[in-house]
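The structure appears right after this line, and notes come after that.
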Amino acid sequence: MPEYAVLGKRLPRVDAPAKVAGKANYAADLVLPGMLHGKILRSPHPHARILNIDTSLAERLPGVRGVVVGADFGNFRYGLTPITRDEFPLARDKVRYLGEEVAAVAAIDEEIAEEALALIQVEYEPLPAVFDPEQALREGAPLVHEDKPGNVSVHMKVHFGDVERGFAESDYVREDRFHSQSVLHGFLEPNAIVASWEPPNHITVWPSKQSPYFLYRNLANCFDVPLSNVRVIQPYIGGGFGGKNGSYPLDFCAVLLSKKTGRPVKIVLTQEEILFAHRRRHPMIVWLKTGVKKDGTLMAHDCRIIADGGAGTGVGPTTIANAFYFLNLPYMVPNVRFDGYRVYTNRPVSVAQRGNGVQQVRYAADVQLEMIAEELGIDPVEIRRKNAVYSGYTTPNGMKIGSCGLQETIDEALKRVSWTAEFRPWPVKAKELQGRFATGVGVACNSFCSGVRLRGHNCCTAVIKVHEDGTVSLMTGSTDSGQGSETVLAMITAEILGIRLEDVYVPQTDSALTPLDPGSYGSRVSSTAGNAAKIAAEDARDQLAAVAAELLEASPENIEFRDRRVFVRGAPDRSMRFRDLARLTVSHGAGTTVIGTGSWGQDIDPIDFDTGKGDMAGAYSFGTQAAWVEVDTETGKVNVTKMVVAHDCGFALNPLAVEGQHEGSIAGGLGHTIFEECIEEDGRTLNPSLTGYGIPAAGDVPMEMISCSVETGDPKGAFGAKESGEGTQVSTIPAIVNAIHNAVGVWMTDLPITPEKMLKALDEKRARDKATRLLSK
């Protein structure tokens, strides 16, 4: 890769000083004059008709200024597409999960608002409920939505190639069942919003949102106001991971309560509310049948999944589609059949979470590949090499691979493992347990999209304003939800204009001022918004170069920008300071203000949810992980001691940020694999606290985490960059599961891998080993 002045350097984040000093204001920190506090009443039943709601006592409580119920929102429903809009801001005729929002109040303080909730009288008629997605699909199961027969929220059935022929030509075929549990997003900042209705029809909100423009559109539709009258001002965000993409009941309730009371209203969910009844990752059952040649060549996949979608559809179509699309990567599979169901249950709504729908299916596929390698006596690394996709490859359904460093990531990971002919920790099929602690190492590979391309608006836009003192403002609608994207976009701007990172200011998203943007999801900010910022900076640079050419008596194409100066190429003595050029440009000739603009989007055929055809993104990242584990065979506890990440990120725009993304994904994937689970009984979450839920603490993550960037220079990415973190979380799970098998010889196909499950698996293995010894005598 070329040597840059700013890009590729390990630079601290631009928002770090404010956050470290405690000066970063989040939505929950905001206070407006006359502001009221809102609270939400939740259903005590998982499934019940609402016969009557009486709010009169609550309304008469001193300090209460407003109460709203479902009927106040009319017939408005929201969702991803017109045909999937099945959620109301507040429940209307019935509730569909325990904790669903039923009413909301606004009072002069939180205590009075909480007291008012207890005074709202709701008459319910309990209904039979269904909590298991397989049971929900059975004939006669209670219907979560009467207009959705069979409780099917989303169904995707596609096939490519000749699957039956693929199995017929295979030398070995196996089929396994895997289960991935319900997992929370785990952000520390709770969902929150401050809303202000200004008569006659202007809405201003300060929400905690990864994708503010989703809310912008939904509020306009809900309250029937023009988009120009909806202003979304984005405060700092304390993590999102997909859980702050959508619009939620607290958003609509805060606005309506403000309209009703004539005062700003703030609603902040408690951690208990989030853990008890808010959005979470899709639990998923995966049945996977795979056929291979005796040399390990993959011939066919036949996959069936059932995803528990909870009581609403949300972004469910993308979850199911992602599961299918990444059944095709990172390995070559010529014949693929997929039958995916997203099912309604009387549980909280499942939504996108980092790697939306991909972790579950890749956990199944990569662990099963390890099983196949063991059965055929093939080195598990070599079976991955043999089937790895490559630059120029096109999947059977039309996903085009541009840059691909998968083989290089395998090489890089193995260097850190010291994987030599002398050290090959396989096979383990006949491994006997000896001693209390068993150690093992496992590998897994991944792929992920860099800037998902959905239908509808997908391009990013950036606007750059050059101030007369040589500083620059970069305005973008892309939201930094904690991943450090503001820093990366500022670095791109500084690189092109030849200035320093501290010279670039990136104001937070404000829909009245910043350009329209799809949002922060699908690893799209650095790739898509990065290209928009690059184009905008080049536009501003060209405007400045035209003036510099006149002042320095040169042609514009010979003007260079670096080190906060402007030079004539080949004549370094003919130069001036960047700030002087900025000042002179304002008054040069008739005078002008330098405003650079740029828009960029993925110019590809978008995915088709019905047929499975099309491309998901313009670029794909690839990676390999190696995990070291220690299993305590007496207690069943699994400790991950080391993790190596080798990731094809195209180009590490900021290596420090890339490493942070990798370490965050390791922690997230570790929690998914070993610690985290929403434990439920009859629809009630039994562990609604951070300590009871099981988010990994600092002492739980590997003591040693090694991050290696493989740079392939993608032709479509901004300066060759691709995503750097989301894909890592995809391979964390199978790497750990494969390492556990390497340590103790058991396969864990049901997440999370709790000590109880591990001890049961070890006991079963001991029994099998004993039986084998007896038979061999």
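Just remember, in the structure tokens the first chain shown is A, the second B, etc., residues are 1-based per chain, and ligands are 1-based in the order shown.
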Spatial neighbours of A:Ile233, max dist 9 Å, only C-alpha atoms, sep filter under 3 positions, as a PyMOL selection string = chain A and resi 204-207+212+508-512
List as a Markdown table every residue of stretch 598-636 of chain A that is in contact with stretch 362-384 of chain A, defined as an atom at most 12 Å from one of its atoms (using only C-alpha atoms), together with the nearest atom pair and the distance in Å rounded to one decimal, sorted by chain and then rising number.
```
| residue | atom | partner | partner_atom | distance |
| --- | --- | --- | --- | --- |
| A:Gly623 | CA | A:Arg384 | CA | 11.7 |
| A:Thr624 | CA | A:Arg384 | CA | 10.0 |
| A:Gln625 | CA | A:Val381 | CA | 11.2 |
| A:Ala626 | CA | A:Val381 | CA | 10.7 |
```
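Among the candidates A:Ile53, A:Ala103, A:Cys404, A:Ala311, the residue lying nearest to A:Val349 is A:Ala311 (atoms considered: only C-alpha atoms).
The space between atom CA of A:Ile306 and atom CA of A:Val286 spans 6.8 Å.
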Could you give me the residues within stretch 496-582 of chain A that DSSP places in alpha helix (DSSP H), as a PDB file with N, CA, C and O atoms, in the first residue's frame?
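Written file, selection.pdb:
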```pdb
ATOM      1  N   ILE A 496      -6.427  13.932   2.133  1.00  0.00           N
ATOM      2  CA  ILE A 496      -6.608  14.497   0.798  1.00  0.00           C
ATOM      3  C   ILE A 496      -6.266  15.981   0.769  1.00  0.00           C
ATOM      4  O   ILE A 496      -5.678  16.485  -0.196  1.00  0.00           O
ATOM      5  N   LEU A 497      -6.605  16.695   1.834  1.00  0.00           N
ATOM      6  CA  LEU A 497      -6.355  18.140   1.868  1.00  0.00           C
ATOM      7  C   LEU A 497      -4.964  18.486   2.383  1.00  0.00           C
ATOM      8  O   LEU A 497      -4.600  19.667   2.442  1.00  0.00           O
ATOM      9  N   GLY A 530     -16.962   6.518   3.722  1.00  0.00           N
ATOM     10  CA  GLY A 530     -15.565   6.873   3.476  1.00  0.00           C
ATOM     11  C   GLY A 530     -15.326   7.323   2.049  1.00  0.00           C
ATOM     12  O   GLY A 530     -14.593   8.284   1.798  1.00  0.00           O
ATOM     13  N   ASN A 531     -15.936   6.633   1.095  1.00  0.00           N
ATOM     14  CA  ASN A 531     -15.811   7.055  -0.303  1.00  0.00           C
ATOM     15  C   ASN A 531     -16.483   8.400  -0.540  1.00  0.00           C
ATOM     16  O   ASN A 531     -15.984   9.228  -1.307  1.00  0.00           O
ATOM     17  N   ALA A 532     -17.629   8.640   0.108  1.00  0.00           N
ATOM     18  CA  ALA A 532     -18.298   9.932  -0.041  1.00  0.00           C
ATOM     19  C   ALA A 532     -17.425  11.051   0.512  1.00  0.00           C
ATOM     20  O   ALA A 532     -17.303  12.128  -0.111  1.00  0.00           O
ATOM     21  N   ALA A 533     -16.804  10.818   1.671  1.00  0.00           N
ATOM     22  CA  ALA A 533     -15.909  11.826   2.248  1.00  0.00           C
ATOM     23  C   ALA A 533     -14.704  12.057   1.344  1.00  0.00           C
ATOM     24  O   ALA A 533     -14.244  13.206   1.174  1.00  0.00           O
ATOM     25  N   LYS A 534     -14.199  11.007   0.753  1.00  0.00           N
ATOM     26  CA  LYS A 534     -13.050  11.130  -0.164  1.00  0.00           C
ATOM     27  C   LYS A 534     -13.408  11.997  -1.368  1.00  0.00           C
ATOM     28  O   LYS A 534     -12.652  12.900  -1.762  1.00  0.00           O
ATOM     29  N   ILE A 535     -14.571  11.736  -1.955  1.00  0.00           N
ATOM     30  CA  ILE A 535     -15.003  12.505  -3.122  1.00  0.00           C
ATOM     31  C   ILE A 535     -15.235  13.972  -2.750  1.00  0.00           C
ATOM     32  O   ILE A 535     -14.852  14.890  -3.487  1.00  0.00           O
ATOM     33  N   ALA A 536     -15.848  14.202  -1.594  1.00  0.00           N
ATOM     34  CA  ALA A 536     -16.102  15.573  -1.154  1.00  0.00           C
ATOM     35  C   ALA A 536     -14.799  16.321  -0.902  1.00  0.00           C
ATOM     36  O   ALA A 536     -14.660  17.507  -1.256  1.00  0.00           O
ATOM     37  N   ALA A 537     -13.830  15.636  -0.284  1.00  0.00           N
ATOM     38  CA  ALA A 537     -12.538  16.272  -0.016  1.00  0.00           C
ATOM     39  C   ALA A 537     -11.805  16.572  -1.314  1.00  0.00           C
ATOM     40  O   ALA A 537     -11.147  17.625  -1.454  1.00  0.00           O
ATOM     41  N   GLU A 538     -11.904  15.683  -2.280  1.00  0.00           N
ATOM     42  CA  GLU A 538     -11.277  15.934  -3.585  1.00  0.00           C
ATOM     43  C   GLU A 538     -11.942  17.112  -4.284  1.00  0.00           C
ATOM     44  O   GLU A 538     -11.264  17.926  -4.950  1.00  0.00           O
ATOM     45  N   ASP A 539     -13.250  17.233  -4.131  1.00  0.00           N
ATOM     46  CA  ASP A 539     -13.967  18.372  -4.706  1.00  0.00           C
ATOM     47  C   ASP A 539     -13.471  19.681  -4.082  1.00  0.00           C
ATOM     48  O   ASP A 539     -13.181  20.661  -4.792  1.00  0.00           O
ATOM     49  N   ALA A 540     -13.361  19.714  -2.767  1.00  0.00           N
ATOM     50  CA  ALA A 540     -12.864  20.910  -2.081  1.00  0.00           C
ATOM     51  C   ALA A 540     -11.425  21.200  -2.479  1.00  0.00           C
ATOM     52  O   ALA A 540     -11.049  22.369  -2.716  1.00  0.00           O
ATOM     53  N   ARG A 541     -10.617  20.152  -2.578  1.00  0.00           N
ATOM     54  CA  ARG A 541      -9.213  20.330  -2.965  1.00  0.00           C
ATOM     55  C   ARG A 541      -9.099  20.918  -4.375  1.00  0.00           C
ATOM     56  O   ARG A 541      -8.271  21.812  -4.626  1.00  0.00           O
ATOM     57  N   ASP A 542      -9.949  20.445  -5.283  1.00  0.00           N
ATOM     58  CA  ASP A 542      -9.897  20.963  -6.653  1.00  0.00           C
ATOM     59  C   ASP A 542     -10.257  22.442  -6.700  1.00  0.00           C
ATOM     60  O   ASP A 542      -9.663  23.210  -7.477  1.00  0.00           O
ATOM     61  N   GLN A 543     -11.222  22.845  -5.884  1.00  0.00           N
ATOM     62  CA  GLN A 543     -11.588  24.266  -5.839  1.00  0.00           C
ATOM     63  C   GLN A 543     -10.429  25.111  -5.310  1.00  0.00           C
ATOM     64  O   GLN A 543     -10.137  26.187  -5.830  1.00  0.00           O
ATOM     65  N   LEU A 544      -9.775  24.613  -4.285  1.00  0.00           N
ATOM     66  CA  LEU A 544      -8.629  25.328  -3.728  1.00  0.00           C
ATOM     67  C   LEU A 544      -7.459  25.324  -4.698  1.00  0.00           C
ATOM     68  O   LEU A 544      -6.730  26.319  -4.827  1.00  0.00           O
ATOM     69  N   ALA A 545      -7.271  24.220  -5.401  1.00  0.00           N
ATOM     70  CA  ALA A 545      -6.162  24.118  -6.345  1.00  0.00           C
ATOM     71  C   ALA A 545      -6.301  25.130  -7.479  1.00  0.00           C
ATOM     72  O   ALA A 545      -5.301  25.670  -7.974  1.00  0.00           O
ATOM     73  N   ALA A 546      -7.541  25.396  -7.899  1.00  0.00           N
ATOM     74  CA  ALA A 546      -7.748  26.367  -8.971  1.00  0.00           C
ATOM     75  C   ALA A 546      -7.273  27.752  -8.555  1.00  0.00           C
ATOM     76  O   ALA A 546      -6.665  28.489  -9.349  1.00  0.00           O
ATOM     77  N   VAL A 547      -7.530  28.146  -7.319  1.00  0.00           N
ATOM     78  CA  VAL A 547      -7.080  29.447  -6.816  1.00  0.00           C
ATOM     79  C   VAL A 547      -5.579  29.436  -6.595  1.00  0.00           C
ATOM     80  O   VAL A 547      -4.862  30.388  -6.955  1.00  0.00           O
ATOM     81  N   ALA A 548      -5.062  28.330  -6.022  1.00  0.00           N
ATOM     82  CA  ALA A 548      -3.624  28.225  -5.777  1.00  0.00           C
ATOM     83  C   ALA A 548      -2.847  28.305  -7.081  1.00  0.00           C
ATOM     84  O   ALA A 548      -1.754  28.887  -7.137  1.00  0.00           O
ATOM     85  N   ALA A 549      -3.402  27.731  -8.150  1.00  0.00           N
ATOM     86  CA  ALA A 549      -2.720  27.761  -9.443  1.00  0.00           C
ATOM     87  C   ALA A 549      -2.528  29.189  -9.934  1.00  0.00           C
ATOM     88  O   ALA A 549      -1.472  29.530 -10.487  1.00  0.00           O
ATOM     89  N   GLU A 550      -3.531  30.015  -9.729  1.00  0.00           N
ATOM     90  CA  GLU A 550      -3.392  31.422 -10.133  1.00  0.00           C
ATOM     91  C   GLU A 550      -2.390  32.153  -9.250  1.00  0.00           C
ATOM     92  O   GLU A 550      -1.549  32.913  -9.739  1.00  0.00           O
ATOM     93  N   LEU A 551      -2.450  31.919  -7.943  1.00  0.00           N
ATOM     94  CA  LEU A 551      -1.568  32.633  -7.025  1.00  0.00           C
ATOM     95  C   LEU A 551      -0.116  32.200  -7.165  1.00  0.00           C
ATOM     96  O   LEU A 551       0.812  33.011  -7.005  1.00  0.00           O
ATOM     97  N   LEU A 552       0.112  30.929  -7.481  1.00  0.00           N
ATOM     98  CA  LEU A 552       1.467  30.400  -7.585  1.00  0.00           C
ATOM     99  C   LEU A 552       1.935  30.261  -9.025  1.00  0.00           C
ATOM    100  O   LEU A 552       3.019  29.726  -9.283  1.00  0.00           O
ATOM    101  N   PHE A 578      -1.516  26.278   3.852  1.00  0.00           N
ATOM    102  CA  PHE A 578      -2.896  25.922   3.534  1.00  0.00           C
ATOM    103  C   PHE A 578      -3.860  26.964   4.093  1.00  0.00           C
ATOM    104  O   PHE A 578      -4.821  27.358   3.428  1.00  0.00           O
ATOM    105  N   ARG A 579      -3.627  27.425   5.296  1.00  0.00           N
ATOM    106  CA  ARG A 579      -4.530  28.396   5.909  1.00  0.00           C
ATOM    107  C   ARG A 579      -4.524  29.718   5.154  1.00  0.00           C
ATOM    108  O   ARG A 579      -5.543  30.394   5.067  1.00  0.00           O
ATOM    109  N   ASP A 580      -3.358  30.080   4.584  1.00  0.00           N
ATOM    110  CA  ASP A 580      -3.309  31.312   3.788  1.00  0.00           C
ATOM    111  C   ASP A 580      -4.109  31.146   2.500  1.00  0.00           C
ATOM    112  O   ASP A 580      -4.811  32.077   2.063  1.00  0.00           O
ATOM    113  N   LEU A 581      -4.006  29.969   1.890  1.00  0.00           N
ATOM    114  CA  LEU A 581      -4.782  29.718   0.680  1.00  0.00           C
ATOM    115  C   LEU A 581      -6.275  29.777   0.997  1.00  0.00           C
ATOM    116  O   LEU A 581      -7.057  30.371   0.244  1.00  0.00           O
ATOM    117  N   ALA A 582      -6.675  29.179   2.123  1.00  0.00           N
ATOM    118  CA  ALA A 582      -8.087  29.192   2.511  1.00  0.00           C
ATOM    119  C   ALA A 582      -8.570  30.629   2.710  1.00  0.00           C
ATOM    120  O   ALA A 582      -9.672  30.998   2.285  1.00  0.00           O
TER     121      ALA A 582
END
```
message = Using only C-alpha atoms, which protein or nucleic acid residues come within 12 Å of stretch 612-615 of chain A? Drop anything in the same chain fewer than 5 positions from it, and give the result as a VMD selection string.
response = chain A and resid 155 to 160 317 to 318 320 to 328 336 to 340 394 to 402 449 to 455 602 to 607 620
Would you give me, as CSV, each residue of stretch 109-214 of chain A having an atom within 10 Å of an atom of stretch 250-254 of chain A, along with its shortest atom pair and that distance in Å to one decimal, using only C-alpha atoms and sorting by chain and residue number?
```
residue,atom,partner,partner_atom,distance
A:Asn191,CA,A:Leu250,CA,8.5
A:Ala192,CA,A:Leu250,CA,7.7
A:Ile193,CA,A:Asp251,CA,6.4
A:Val194,CA,A:Ala254,CA,6.9
A:Ala195,CA,A:Ala254,CA,5.6
A:Ser196,CA,A:Ala254,CA,8.1
A:Trp197,CA,A:Ala254,CA,9.4
A:Val205,CA,A:Asp251,CA,8.6
A:Trp206,CA,A:Asp251,CA,9.8
A:Pro207,CA,A:Asp251,CA,7.7
A:Ser208,CA,A:Asp251,CA,9.8
```
